[in-house]
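Asker: Structure incoming, see below.
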Amino acid sequence: MVAAMSGEAEALALIGKAFRRSRERAGLTVREAAQAAGTSGRVVSHAEHGKPVSSVSFLRLCRLHDVDPFALLDAIALHRREGGFHKVSRGVFHGERAVKHASGAP
């Protein structure tokens, strides 16, 4: 599972918000997104609200939103090392604002 540990709760919330914006921009309901991803509406809702979901569900949602899951996991790892997100820039989500640290690291 993609777990919400102390430093990761903020990252999961950011990812969830980005998933939701991506879904809404695509004009999909939660039910339609779930069907397209091959998962349930409950999973989509949990992910969008920053709650932990299974690794398989996470990967399915990344595929639905055309997101590189490794870039998201790298962002979480960087978050844990540096203690928080400082800036936002383009990158992880195609056409979406993604995480960037004040240090300038992607």
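The way I read the labels, and the way they are meant: chains A, B, ... in the order of the structure tokens, residue 1 as the first residue of every chain, and ligand 1 as the first ligand shown, with later ones counted on from there.
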Quick one: residues within 7 Å of Ala13 in chain A, only C-alpha atoms counted, chain neighbours fewer than 3 positions away excluded, as JSON, numbers by chain?
Answerer: {"A": [9, 10, 16, 17, 49, 50]}
Asker: Quick one: residues within 10 Å of Pro69 in chain A, only C-alpha atoms, excluding same-chain residues fewer than 5 positions away - as a PyMOL selection string?
Answerer: chain A and resi 58-63+74-75+92-93
Asker: Which of these, A:Arg31, A:Arg81, A:Arg42, A:His65, has the shortest distance to Phe19 in chain A once you count only C-alpha atoms?
Answerer: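 Under the stated criterion, the closest residue is A:His65.
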Asker: If you measure from CA of Leu64 in chain A to CA of Gly41 in chain A, what distance in Å do you get, rounded to one decimal?
Answerer: 13.5 Å
Asker: So what do you get for CA of Glu24 in chain A versus CA of Pro52 in chain A, distance-wise?
Answerer: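 Between CA of Glu24 in chain A and CA of Pro52 in chain A the gap is 20.6 Å.
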